[in-house]
Amino acid sequence: HRIVTGGDAIISSDDSDRIIQGDFLDLAALNQCPLDDPHLIHLDDKIFLHRLLSSGRGTGRFWPQGFVLPDEKDKLRENTEALEGNSLWILKDRAGYGSHGNRVVSLDEILAEDTKDEVDQTLCQQIVHPPLLVDRRKFSLRVYCVCIGGNGEGDEMQFYISSEGLAKFASDPYDFHVAADDGSGNAFMTNSGLGEGDDAVQLTFHDLRREFEKQGWNYDKLWKGIVDSTRSTLLTYRLYCKGKYSLDPATSRSQPKERSLCRLLHTRAKLPKILGLDFLVDNCQKPWLIEVNRFPGLEPRGSSDEAVKRKVVREAWDVACQMAADISFKGAVVDDVDAKEREADSSTSSLKPLF
């Protein structure tokens, strides 16, 4: 795959055809490339993300209340009465994926555990309850975003959000009290990793919209909340990258020169980075961000999600190549026909700029 980085090079129409017809799995695999922005760990790592959003203005309105254990256990204990002692919480490993490493526990169980000698930090978050249910099941939303550019030399980091996505359902019907006693988490955990292929219960966003209309719910209001929350999260991240945010020193990691060079190469080449943001929805149809995935699974697991992932990957590379082409054509006269074709392509794309 050819990426234009500047100079006199251009993307020809033949190159564009090869991009569209290119091997989807190869392009999806490039998203796993370790030569991306090392700052992305502040989105991917749950402890870092919690501290990043806890420091941002207004981000608490869509990020569930949480505490970093064992560091903030005393703070959690001090707020026990206000936090309702019988409520359920979820313990998350800072680097866990696909619900792996997550554990549903009561506040009493957390406080009773002896964690003073633990070295590894865990994020303890209040469970979103009561959740919105479809067919008696809890679900989460996988929202795809694309990050391009941002080399720190007048090149602003650009973020796009895709209207294509997946609703992933829990394998068991939701009953708060039964699920709390069960302990298996099958009614709480919604990631499609709990099922494989066509056995993974999920809907596309188009199917979910139809379900909302059937139930008399407002999908557009939900989507606006998701876009606003995503914009706020990524704007906070972009401000952090520009050095305008001060985080807890505990979240800082020195980056070797090699990693800084990797980031520079990645951003200058305009390689697209696809992120997966996971949301839960409460019974007031309000979205809550619960996780950001730096390396979301883009390989199709079944027929239900292949079309979504193919479109997200293809459009991410289309935008990246167009941005690279715009740099090469900078200062050149653009033909009216080409300009109209670009405008038409933009209007049909599921990717829209966040800010």
# chains A, B, ... in the order shown; residues from 1 in each chain; ligands from 1

$ residues_around --residues "Asp135 in chain A" --least-positions-apart "5" --cutoff "10 Å" --atoms "only C-alpha atoms" --output "list in words"
Phe169, Pro173, Tyr174 and Glu211 of chain A

$ atom_distance --atom1 "CA of Phe159 in chain A" --atom2 "CA of Glu291 in chain A"
17.4 Å

$ select_by_dssp --residues "range 17-50 of chain A" --states "helix (DSSP H, G or I)" --output "list of chain:residue names"
A:Asp17, A:Arg18, A:Ile19, A:Ile20, A:Gln21, A:Phe24, A:Leu25, A:Asp26, A:Leu27, A:Ala28, A:Ala29, A:Leu30, A:Pro38, A:His39, A:Leu40, A:Ile41, A:His42, A:Leu43, A:Asp44, A:Lys46, A:Ile47, A:Phe48, A:Leu49, A:His50

$ closest_residue --among "A:Glu306, A:Asp37, A:Glu113, A:Asp207" --to "Met157 in chain A" --atoms "only C-alpha atoms"
A:Asp37

$ closest_residue --among "A:Gln285, A:Gln121, A:Ser303, A:Ser87" --to "Phe212 in chain A" --atoms "only C-alpha atoms"
A:Gln285
